[in-house]
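Undergrad: I'd like to ask some things about the structure below.
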Amino acid sequence: MRDAKTFYDWGFDYLKYDNCAIPFDNETREGSIGRFQRMADAINTVATSESRTPMIFSLCSWGWSQVWLWASTMGQSWRTTGDIAPEWNSLASIINLLATDFGGRNDLDMLQLGNGDLTHEEEKLHFTAWALMKSPLFIGTNLSAVRPDTLDVLKNKEILAINQDDVIGKSISPFRWGINPDWTSNSTHPAQYWSGPSKYGTVIMLLNILDGPATMSFNLTESPWIRAGRQYSVHDLWTHTDNGTAVRTFTAHDVPPHGVVALLLKDAGDEPNELYPPCSVWYQCMDENGTRIDL
């Protein structure tokens, strides 16, 4: 309680509460939930007694005790992994984890753009994934010495607008893994095909996790946010260009190593007539006479 009041008196509006220096068990008689609950209660008690706005409470237990299952009952964000490092392997391992919506955010740790030896493509992928997965975005580099190309990445207003969407809070999520079987966790090869809703349209993110260029293609209806029988306009969130209309499939050619494709798809009306097969996904495609169409 004394700590919470001191933080308020200092004018804090955000508290990252770390799980370091854990007292002996016979001092707390609590696990992770109980230790964080004490500070959450103190924050709310002081805020109520002094008619203050409760500060944002960020829990840092590095993903211990499946923090994403319970942290939203006491705070607004929570770290999901150990500390991030400015290298590709660290980014890839963190991308595996997500669970976020209004009122509760996975904190994927601070942005590493401008640090270490990340390539420009890796910086774009890093920023895109963190933003579209709705992580809190904390710049972790020296802005007085930041490179212009890194600053351009951080200032992508279209990506930031989706991170700050005030209508839809859900993050993007994988619809296909690519390299690995679906619904697996792999610290070196996370999912490659992601999508999610936004007030602007359907968001698509493609990650090339390979060490060489790749062609990446998907059936539009693999994303649960796409309607069958419709075509979609394609807007590139990095080139900021409108790139025609996608019908049933989309292909990105020559995606750079550790590169990213970020798209906004908008419904552009019915797809053309007489397309074959009559179903975008042929499995279980049924004719109006009751017979199955097998290709």
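To be explicit about the labels: the chains of the structure tokens are called A, B, and onward in the order shown, and within each one the residues are counted from 1, while ligands get numbers from 1 in the order they are shown.
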Within 8 Å of region 234-245 of chain A, counting only C-alpha atoms, which residues show up once you throw out same-chain ones fewer than 3 positions away? Write them as JSON, numbers by chain, please.

TA: {"A": [156, 158, 159, 231, 261, 262, 263, 264, 265, 266, 268]}

Undergrad: Glu123 (chain A): which residues within 12 Å, counting only C-alpha atoms, same-chain residues fewer than 4 positions away excluded, as a list of chain:residue names?

TA: A:Pro86, A:Glu87, A:Trp88, A:Leu91, A:Leu111, A:Gln112, A:Leu113, A:Gly114, A:Asn115, A:Gly116, A:Asp117, A:Leu118, A:Thr119, A:Phe127, A:Thr128, A:Ala129, A:Trp130, A:Arg147, A:Asp149, A:Thr150, A:Leu151, A:Asp152, A:Val153, A:Leu154, A:Pro257, A:His258, A:Gly259, A:Val260

Undergrad: So that I have them on file, write out the residues from the current selection with N, CA, C and O atoms, as an mmCIF file, in the first residue's frame.

TA:
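Saved as again-v9.cif:
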```cif
data_model
loop_
_atom_site.group_PDB
_atom_site.id
_atom_site.type_symbol
_atom_site.label_atom_id
_atom_site.label_comp_id
_atom_site.auth_asym_id
_atom_site.auth_seq_id
_atom_site.Cartn_x
_atom_site.Cartn_y
_atom_site.Cartn_z
ATOM 1 N N PRO A 86 18.042 -8.147 -29.309
ATOM 2 C CA PRO A 86 17.984 -7.618 -30.672
ATOM 3 C C PRO A 86 18.586 -8.585 -31.680
ATOM 4 O O PRO A 86 19.580 -8.297 -32.343
ATOM 5 N N GLU A 87 17.982 -9.744 -31.819
ATOM 6 C CA GLU A 87 18.448 -10.752 -32.761
ATOM 7 C C GLU A 87 17.257 -11.578 -33.237
ATOM 8 O O GLU A 87 16.252 -11.715 -32.537
ATOM 9 N N TRP A 88 17.382 -12.148 -34.419
ATOM 10 C CA TRP A 88 16.276 -12.837 -35.058
ATOM 11 C C TRP A 88 15.735 -13.990 -34.220
ATOM 12 O O TRP A 88 14.521 -14.142 -34.075
ATOM 13 N N LEU A 91 13.319 -12.809 -31.594
ATOM 14 C CA LEU A 91 12.031 -12.376 -32.145
ATOM 15 C C LEU A 91 11.171 -13.573 -32.513
ATOM 16 O O LEU A 91 9.975 -13.624 -32.198
ATOM 17 N N LEU A 111 10.354 -2.914 -28.045
ATOM 18 C CA LEU A 111 10.825 -2.980 -29.421
ATOM 19 C C LEU A 111 12.342 -2.858 -29.461
ATOM 20 O O LEU A 111 12.935 -2.028 -28.759
ATOM 21 N N GLN A 112 12.958 -3.664 -30.318
ATOM 22 C CA GLN A 112 14.417 -3.664 -30.446
ATOM 23 C C GLN A 112 14.901 -2.991 -31.718
ATOM 24 O O GLN A 112 16.081 -3.091 -32.069
ATOM 25 N N LEU A 113 14.034 -2.293 -32.420
ATOM 26 C CA LEU A 113 14.447 -1.587 -33.622
ATOM 27 C C LEU A 113 15.537 -0.578 -33.273
ATOM 28 O O LEU A 113 15.412 0.180 -32.306
ATOM 29 N N GLY A 114 16.618 -0.571 -34.046
ATOM 30 C CA GLY A 114 17.726 0.330 -33.773
ATOM 31 C C GLY A 114 18.803 -0.274 -32.901
ATOM 32 O O GLY A 114 19.853 0.351 -32.703
ATOM 33 N N ASN A 115 18.562 -1.472 -32.390
ATOM 34 C CA ASN A 115 19.540 -2.132 -31.523
ATOM 35 C C ASN A 115 20.149 -3.335 -32.236
ATOM 36 O O ASN A 115 19.525 -3.944 -33.113
ATOM 37 N N GLY A 116 21.356 -3.698 -31.836
ATOM 38 C CA GLY A 116 21.969 -4.907 -32.358
ATOM 39 C C GLY A 116 22.184 -4.857 -33.857
ATOM 40 O O GLY A 116 22.408 -3.791 -34.437
ATOM 41 N N ASP A 117 22.090 -6.030 -34.480
ATOM 42 C CA ASP A 117 22.373 -6.141 -35.913
ATOM 43 C C ASP A 117 21.146 -6.579 -36.709
ATOM 44 O O ASP A 117 21.259 -7.271 -37.718
ATOM 45 N N LEU A 118 19.948 -6.200 -36.252
ATOM 46 C CA LEU A 118 18.749 -6.545 -37.012
ATOM 47 C C LEU A 118 18.811 -5.905 -38.397
ATOM 48 O O LEU A 118 19.159 -4.727 -38.533
ATOM 49 N N THR A 119 18.449 -6.678 -39.429
ATOM 50 C CA THR A 119 18.368 -6.113 -40.777
ATOM 51 C C THR A 119 17.136 -5.231 -40.889
ATOM 52 O O THR A 119 16.245 -5.257 -40.032
ATOM 53 N N PHE A 127 8.383 -4.916 -35.975
ATOM 54 C CA PHE A 127 7.406 -3.861 -35.691
ATOM 55 C C PHE A 127 6.001 -4.290 -36.120
ATOM 56 O O PHE A 127 5.022 -4.082 -35.391
ATOM 57 N N THR A 128 5.883 -4.896 -37.291
ATOM 58 C CA THR A 128 4.577 -5.312 -37.804
ATOM 59 C C THR A 128 3.943 -6.348 -36.881
ATOM 60 O O THR A 128 2.772 -6.232 -36.509
ATOM 61 N N ALA A 129 4.712 -7.374 -36.513
ATOM 62 C CA ALA A 129 4.165 -8.438 -35.670
ATOM 63 C C ALA A 129 3.750 -7.892 -34.308
ATOM 64 O O ALA A 129 2.656 -8.187 -33.816
ATOM 65 N N TRP A 130 4.591 -7.083 -33.687
ATOM 66 C CA TRP A 130 4.261 -6.549 -32.361
ATOM 67 C C TRP A 130 3.012 -5.654 -32.444
ATOM 68 O O TRP A 130 2.146 -5.724 -31.575
ATOM 69 N N ARG A 147 18.630 5.559 -36.715
ATOM 70 C CA ARG A 147 18.804 5.694 -38.162
ATOM 71 C C ARG A 147 17.501 6.132 -38.815
ATOM 72 O O ARG A 147 16.409 5.754 -38.354
ATOM 73 N N ASP A 149 16.042 5.083 -41.524
ATOM 74 C CA ASP A 149 15.209 3.977 -41.996
ATOM 75 C C ASP A 149 14.494 3.290 -40.842
ATOM 76 O O ASP A 149 13.353 2.823 -40.979
ATOM 77 N N THR A 150 15.142 3.239 -39.676
ATOM 78 C CA THR A 150 14.479 2.677 -38.495
ATOM 79 C C THR A 150 13.345 3.583 -38.040
ATOM 80 O O THR A 150 12.254 3.114 -37.694
ATOM 81 N N LEU A 151 13.570 4.879 -38.052
ATOM 82 C CA LEU A 151 12.530 5.829 -37.663
ATOM 83 C C LEU A 151 11.336 5.742 -38.600
ATOM 84 O O LEU A 151 10.184 5.833 -38.167
ATOM 85 N N ASP A 152 11.590 5.526 -39.894
ATOM 86 C CA ASP A 152 10.492 5.381 -40.854
ATOM 87 C C ASP A 152 9.620 4.174 -40.507
ATOM 88 O O ASP A 152 8.396 4.219 -40.657
ATOM 89 N N VAL A 153 10.254 3.092 -40.058
ATOM 90 C CA VAL A 153 9.490 1.912 -39.668
ATOM 91 C C VAL A 153 8.597 2.240 -38.473
ATOM 92 O O VAL A 153 7.401 1.922 -38.444
ATOM 93 N N LEU A 154 9.155 2.892 -37.475
ATOM 94 C CA LEU A 154 8.409 3.222 -36.260
ATOM 95 C C LEU A 154 7.259 4.181 -36.523
ATOM 96 O O LEU A 154 6.302 4.239 -35.746
ATOM 97 N N PRO A 257 14.221 -12.615 -47.027
ATOM 98 C CA PRO A 257 14.494 -13.416 -45.818
ATOM 99 C C PRO A 257 14.122 -12.634 -44.562
ATOM 100 O O PRO A 257 14.450 -11.458 -44.420
ATOM 101 N N HIS A 258 13.398 -13.297 -43.662
ATOM 102 C CA HIS A 258 12.924 -12.681 -42.427
ATOM 103 C C HIS A 258 12.129 -11.399 -42.727
ATOM 104 O O HIS A 258 12.142 -10.454 -41.942
ATOM 105 N N GLY A 259 11.427 -11.433 -43.842
ATOM 106 C CA GLY A 259 10.624 -10.281 -44.260
ATOM 107 C C GLY A 259 9.157 -10.469 -43.947
ATOM 108 O O GLY A 259 8.720 -11.550 -43.529
ATOM 109 N N VAL A 260 8.395 -9.421 -44.176
ATOM 110 C CA VAL A 260 6.986 -9.424 -43.820
ATOM 111 C C VAL A 260 6.161 -8.817 -44.954
ATOM 112 O O VAL A 260 6.615 -7.924 -45.671
#
```

Undergrad: Contacts of region 18-35 of chain A at 9 Å or less, counting only C-alpha atoms, minus same-chain residues fewer than 5 places along, as a count of residues only?

TA: 10

Undergrad: If we count only C-alpha atoms, what is near region 168-170 of chain A at a cut-off of 10 Å, once residues fewer than 5 positions away on the same chain are taken out, given as a list in words?

TA: Ala99, Thr100, Asp101, Phe102, Gly103, Gly104, Arg105, Leu132, Met133, Lys134, Ile162, Asn163, Gly196, Pro197, Ser198, Lys199 and Tyr200 of chain A

Undergrad: How would the residues just chosen look if you wrote them out with N, CA, C and O atoms as a tab-separated table (two decimals), in the first residue's frame?

TA:
```
chain	number	residue	atom	x	y	z
A	99	ALA	N	-2.41	-13.59	-26.87
A	99	ALA	CA	-3.73	-13.66	-26.23
A	99	ALA	C	-4.06	-12.23	-25.83
A	99	ALA	O	-3.58	-11.76	-24.82
A	100	THR	N	-4.88	-11.55	-26.61
A	100	THR	CA	-5.05	-10.13	-26.34
A	100	THR	C	-6.40	-9.63	-26.82
A	100	THR	O	-6.98	-10.16	-27.77
A	101	ASP	N	-6.92	-8.62	-26.14
A	101	ASP	CA	-8.16	-7.97	-26.50
A	101	ASP	C	-8.23	-6.68	-25.68
A	101	ASP	O	-7.32	-6.38	-24.92
A	102	PHE	N	-9.31	-5.91	-25.85
A	102	PHE	CA	-9.46	-4.71	-25.04
A	102	PHE	C	-9.33	-5.07	-23.56
A	102	PHE	O	-9.88	-6.07	-23.09
A	103	GLY	N	-8.61	-4.25	-22.81
A	103	GLY	CA	-8.49	-4.46	-21.37
A	103	GLY	C	-7.41	-5.43	-20.97
A	103	GLY	O	-7.15	-5.61	-19.79
A	104	GLY	N	-6.76	-6.08	-21.93
A	104	GLY	CA	-5.70	-7.02	-21.59
A	104	GLY	C	-4.82	-7.32	-22.78
A	104	GLY	O	-5.31	-7.77	-23.82
A	105	ARG	N	-3.53	-7.06	-22.63
A	105	ARG	CA	-2.60	-7.19	-23.76
A	105	ARG	C	-1.41	-8.06	-23.41
A	105	ARG	O	-0.79	-7.87	-22.37
A	132	LEU	N	0.53	-5.56	-34.88
A	132	LEU	CA	-0.71	-6.23	-35.29
A	132	LEU	C	-1.15	-7.28	-34.28
A	132	LEU	O	-2.33	-7.64	-34.23
A	133	MET	N	-0.22	-7.77	-33.45
A	133	MET	CA	-0.59	-8.65	-32.35
A	133	MET	C	-1.04	-7.85	-31.13
A	133	MET	O	-1.31	-8.40	-30.07
A	134	LYS	N	-1.14	-6.54	-31.30
A	134	LYS	CA	-1.67	-5.60	-30.30
A	134	LYS	C	-0.85	-5.58	-29.02
A	134	LYS	O	-1.38	-5.39	-27.92
A	162	ILE	N	-3.89	0.31	-36.78
A	162	ILE	CA	-4.49	-0.99	-36.47
A	162	ILE	C	-4.15	-1.39	-35.04
A	162	ILE	O	-4.99	-1.92	-34.31
A	163	ASN	N	-2.93	-1.11	-34.60
A	163	ASN	CA	-2.57	-1.37	-33.20
A	163	ASN	C	-3.48	-0.60	-32.25
A	163	ASN	O	-3.82	-1.09	-31.17
A	196	GLY	N	-6.76	-11.16	-39.06
A	196	GLY	CA	-7.61	-10.68	-37.98
A	196	GLY	C	-8.51	-9.57	-38.45
A	196	GLY	O	-8.28	-8.94	-39.50
A	197	PRO	N	-9.56	-9.28	-37.70
A	197	PRO	CA	-10.48	-8.21	-38.07
A	197	PRO	C	-9.96	-6.86	-37.60
A	197	PRO	O	-9.17	-6.76	-36.66
A	198	SER	N	-10.40	-5.82	-38.25
A	198	SER	CA	-10.17	-4.45	-37.79
A	198	SER	C	-11.30	-3.59	-38.32
A	198	SER	O	-12.05	-4.01	-39.21
A	199	LYS	N	-11.43	-2.39	-37.80
A	199	LYS	CA	-12.48	-1.51	-38.29
A	199	LYS	C	-12.19	-1.04	-39.72
A	199	LYS	O	-13.09	-0.52	-40.39
A	200	TYR	N	-10.98	-1.26	-40.19
A	200	TYR	CA	-10.60	-0.84	-41.54
A	200	TYR	C	-10.79	-1.94	-42.57
A	200	TYR	O	-10.81	-1.67	-43.78
```

Undergrad: Give the helix (DSSP H, G or I) residues of region 76-286 of chain A, as DSSP finds them on the backbone, and put them as a PyMOL selection string.

TA: chain A and resi 88-95+120-132+143-145+148-154+157-163+220-222

Undergrad: Please produce a file of those selected residues containing N, CA and C atoms, as a CSV table (one decimal), in the first residue's frame.

TA:
```
chain,number,residue,atom,x,y,z
A,88,TRP,N,17.4,-12.1,-34.4
A,88,TRP,CA,16.3,-12.8,-35.1
A,88,TRP,C,15.7,-14.0,-34.2
A,89,ASN,N,16.6,-14.8,-33.6
A,89,ASN,CA,16.1,-16.0,-32.9
A,89,ASN,C,15.2,-15.6,-31.7
A,90,SER,N,15.5,-14.5,-31.1
A,90,SER,CA,14.7,-14.0,-30.0
A,90,SER,C,13.3,-13.5,-30.5
A,91,LEU,N,13.3,-12.8,-31.6
A,91,LEU,CA,12.0,-12.4,-32.1
A,91,LEU,C,11.2,-13.6,-32.5
A,92,ALA,N,11.8,-14.6,-33.2
A,92,ALA,CA,11.0,-15.7,-33.7
A,92,ALA,C,10.4,-16.5,-32.5
A,93,SER,N,11.1,-16.6,-31.4
A,93,SER,CA,10.6,-17.4,-30.3
A,93,SER,C,9.4,-16.7,-29.6
A,94,ILE,N,9.4,-15.3,-29.6
A,94,ILE,CA,8.4,-14.6,-28.9
A,94,ILE,C,7.1,-14.6,-29.7
A,95,ILE,N,7.2,-14.6,-31.1
A,95,ILE,CA,6.0,-14.5,-31.9
A,95,ILE,C,5.1,-15.7,-31.7
A,120,HIS,N,17.1,-4.5,-42.0
A,120,HIS,CA,15.9,-3.6,-42.2
A,120,HIS,C,14.6,-4.5,-42.3
A,121,GLU,N,14.7,-5.6,-43.0
A,121,GLU,CA,13.5,-6.5,-43.1
A,121,GLU,C,13.1,-7.0,-41.8
A,122,GLU,N,14.1,-7.4,-40.9
A,122,GLU,CA,13.8,-7.9,-39.6
A,122,GLU,C,13.1,-6.9,-38.7
A,123,GLU,N,13.6,-5.6,-38.9
A,123,GLU,CA,13.0,-4.5,-38.1
A,123,GLU,C,11.5,-4.3,-38.6
A,124,LYS,N,11.3,-4.4,-39.9
A,124,LYS,CA,9.9,-4.3,-40.3
A,124,LYS,C,9.0,-5.4,-39.8
A,125,LEU,N,9.5,-6.6,-39.9
A,125,LEU,CA,8.8,-7.8,-39.4
A,125,LEU,C,8.5,-7.6,-37.9
A,126,HIS,N,9.5,-7.3,-37.1
A,126,HIS,CA,9.4,-7.1,-35.7
A,126,HIS,C,8.3,-6.1,-35.4
A,127,PHE,N,8.4,-4.9,-36.0
A,127,PHE,CA,7.4,-3.9,-35.7
A,127,PHE,C,6.0,-4.3,-36.1
A,128,THR,N,5.9,-4.9,-37.3
A,128,THR,CA,4.6,-5.3,-37.8
A,128,THR,C,3.9,-6.3,-36.9
A,129,ALA,N,4.7,-7.4,-36.5
A,129,ALA,CA,4.2,-8.4,-35.7
A,129,ALA,C,3.8,-7.9,-34.3
A,130,TRP,N,4.6,-7.1,-33.7
A,130,TRP,CA,4.3,-6.5,-32.4
A,130,TRP,C,3.0,-5.7,-32.4
A,131,ALA,N,2.9,-4.8,-33.5
A,131,ALA,CA,1.8,-3.9,-33.6
A,131,ALA,C,0.5,-4.6,-33.9
A,132,LEU,N,0.5,-5.6,-34.9
A,132,LEU,CA,-0.7,-6.2,-35.3
A,132,LEU,C,-1.1,-7.3,-34.3
A,143,LEU,N,16.6,7.4,-29.3
A,143,LEU,CA,16.0,8.1,-30.4
A,143,LEU,C,16.9,9.2,-30.9
A,144,SER,N,17.8,9.7,-30.1
A,144,SER,CA,18.7,10.8,-30.6
A,144,SER,C,19.7,10.3,-31.6
A,145,ALA,N,19.9,9.0,-31.7
A,145,ALA,CA,20.9,8.4,-32.6
A,145,ALA,C,20.3,7.4,-33.5
A,148,PRO,N,17.6,6.9,-39.9
A,148,PRO,CA,16.3,7.3,-40.6
A,148,PRO,C,15.4,6.2,-41.0
A,149,ASP,N,16.0,5.1,-41.5
A,149,ASP,CA,15.2,4.0,-42.0
A,149,ASP,C,14.5,3.3,-40.8
A,150,THR,N,15.1,3.2,-39.7
A,150,THR,CA,14.5,2.7,-38.5
A,150,THR,C,13.3,3.6,-38.0
A,151,LEU,N,13.6,4.9,-38.1
A,151,LEU,CA,12.5,5.8,-37.7
A,151,LEU,C,11.3,5.7,-38.6
A,152,ASP,N,11.6,5.5,-39.9
A,152,ASP,CA,10.5,5.4,-40.9
A,152,ASP,C,9.6,4.2,-40.5
A,153,VAL,N,10.3,3.1,-40.1
A,153,VAL,CA,9.5,1.9,-39.7
A,153,VAL,C,8.6,2.2,-38.5
A,154,LEU,N,9.2,2.9,-37.5
A,154,LEU,CA,8.4,3.2,-36.3
A,154,LEU,C,7.3,4.2,-36.5
A,157,LYS,N,2.1,4.9,-40.0
A,157,LYS,CA,0.8,5.3,-39.4
A,157,LYS,C,-0.3,4.3,-39.7
A,158,GLU,N,-0.2,3.6,-40.8
A,158,GLU,CA,-1.2,2.6,-41.1
A,158,GLU,C,-1.1,1.4,-40.2
A,159,ILE,N,0.1,1.0,-39.9
A,159,ILE,CA,0.3,-0.1,-39.0
A,159,ILE,C,-0.1,0.3,-37.6
A,160,LEU,N,0.3,1.5,-37.2
A,160,LEU,CA,0.0,2.0,-35.8
A,160,LEU,C,-1.5,2.2,-35.7
A,161,ALA,N,-2.3,2.6,-36.7
A,161,ALA,CA,-3.7,2.7,-36.6
A,161,ALA,C,-4.4,1.4,-36.3
A,162,ILE,N,-3.9,0.3,-36.8
A,162,ILE,CA,-4.5,-1.0,-36.5
A,162,ILE,C,-4.2,-1.4,-35.0
A,163,ASN,N,-2.9,-1.1,-34.6
A,163,ASN,CA,-2.6,-1.4,-33.2
A,163,ASN,C,-3.5,-0.6,-32.2
A,220,LEU,N,-7.9,-17.3,-49.8
A,220,LEU,CA,-8.5,-16.2,-49.0
A,220,LEU,C,-9.3,-16.7,-47.8
A,221,THR,N,-10.1,-17.8,-48.1
A,221,THR,CA,-11.1,-18.3,-47.1
A,221,THR,C,-10.4,-19.1,-46.0
A,222,GLU,N,-9.1,-19.3,-46.1
A,222,GLU,CA,-8.4,-19.9,-45.0
A,222,GLU,C,-8.5,-19.0,-43.8
```

Undergrad: From a DSSP pass on the backbone, collect the residues of region 68-245 of chain A flagged as strand (DSSP E or B) and hand them back as a PyMOL selection string.

TA: chain A and resi 77-79+101+104-107+111+139+173-176+193-198+201-207+214-219+230-236+241-245

Undergrad: If I take CA of Arg52 (chain A) and CA of Met39 (chain A), how far is one from the other in Å, to one decimal?

TA: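 Straight-line distance from CA of Arg52 (chain A) to CA of Met39 (chain A) works out to 16.0 Å.
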
Undergrad: What gap, in Å, lies between CA of Ile226 (chain A) and CA of Asn180 (chain A)?

TA: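 Distance between the two atoms: 23.4 Å.
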
Undergrad: Give me, please, the distance in Å between CA of Arg248 (chain A) and CA of Arg230 (chain A), quoted to one decimal.

TA: 8.0 Å

Undergrad: Would you mind listing what lies within 10 Å of Asp254 (chain A) as number ranges by chain, with only C-alpha atoms counted and same-chain residues fewer than 6 positions away left out?

TA: A: 208, 212-216

Undergrad: Compile the contact shell of region 191-195 of chain A as a PyMOL selection string: residues with an atom at most 6 Å away, counting only C-alpha atoms, same-chain residues fewer than 6 positions apart removed.

TA: chain A and resi 172-178+203-207

Undergrad: Using only N, CA and C atoms, please write the residues we just selected to a file, as a CSV table (one decimal), in the first residue's frame.

TA:
```
chain,number,residue,atom,x,y,z
A,172,ILE,N,-4.4,-10.1,-34.5
A,172,ILE,CA,-4.3,-11.1,-35.5
A,172,ILE,C,-3.9,-12.4,-34.9
A,173,SER,N,-4.2,-13.5,-35.6
A,173,SER,CA,-3.9,-14.8,-35.1
A,173,SER,C,-3.6,-15.7,-36.3
A,174,PRO,N,-2.8,-16.8,-36.1
A,174,PRO,CA,-2.4,-17.7,-37.2
A,174,PRO,C,-3.6,-18.4,-37.8
A,175,PHE,N,-3.7,-18.5,-39.1
A,175,PHE,CA,-4.6,-19.4,-39.8
A,175,PHE,C,-3.9,-20.6,-40.5
A,176,ARG,N,-2.6,-20.4,-40.7
A,176,ARG,CA,-1.8,-21.6,-41.2
A,176,ARG,C,-0.3,-21.4,-40.7
A,177,TRP,N,0.3,-22.5,-40.4
A,177,TRP,CA,1.7,-22.3,-39.9
A,177,TRP,C,2.7,-22.3,-41.0
A,178,GLY,N,2.6,-23.1,-42.1
A,178,GLY,CA,3.5,-23.1,-43.2
A,178,GLY,C,4.6,-24.1,-43.0
A,203,VAL,N,-7.1,-7.8,-41.8
A,203,VAL,CA,-5.7,-7.6,-41.7
A,203,VAL,C,-5.0,-9.0,-42.0
A,204,ILE,N,-4.0,-9.0,-42.9
A,204,ILE,CA,-3.3,-10.2,-43.2
A,204,ILE,C,-1.8,-9.9,-43.0
A,205,MET,N,-1.1,-10.8,-42.3
A,205,MET,CA,0.3,-10.7,-42.1
A,205,MET,C,1.0,-12.0,-42.6
A,206,LEU,N,1.9,-11.9,-43.4
A,206,LEU,CA,2.7,-13.1,-43.9
A,206,LEU,C,4.1,-12.9,-43.4
A,207,LEU,N,4.7,-13.9,-42.8
A,207,LEU,CA,6.1,-13.9,-42.3
A,207,LEU,C,6.9,-14.9,-43.0
```
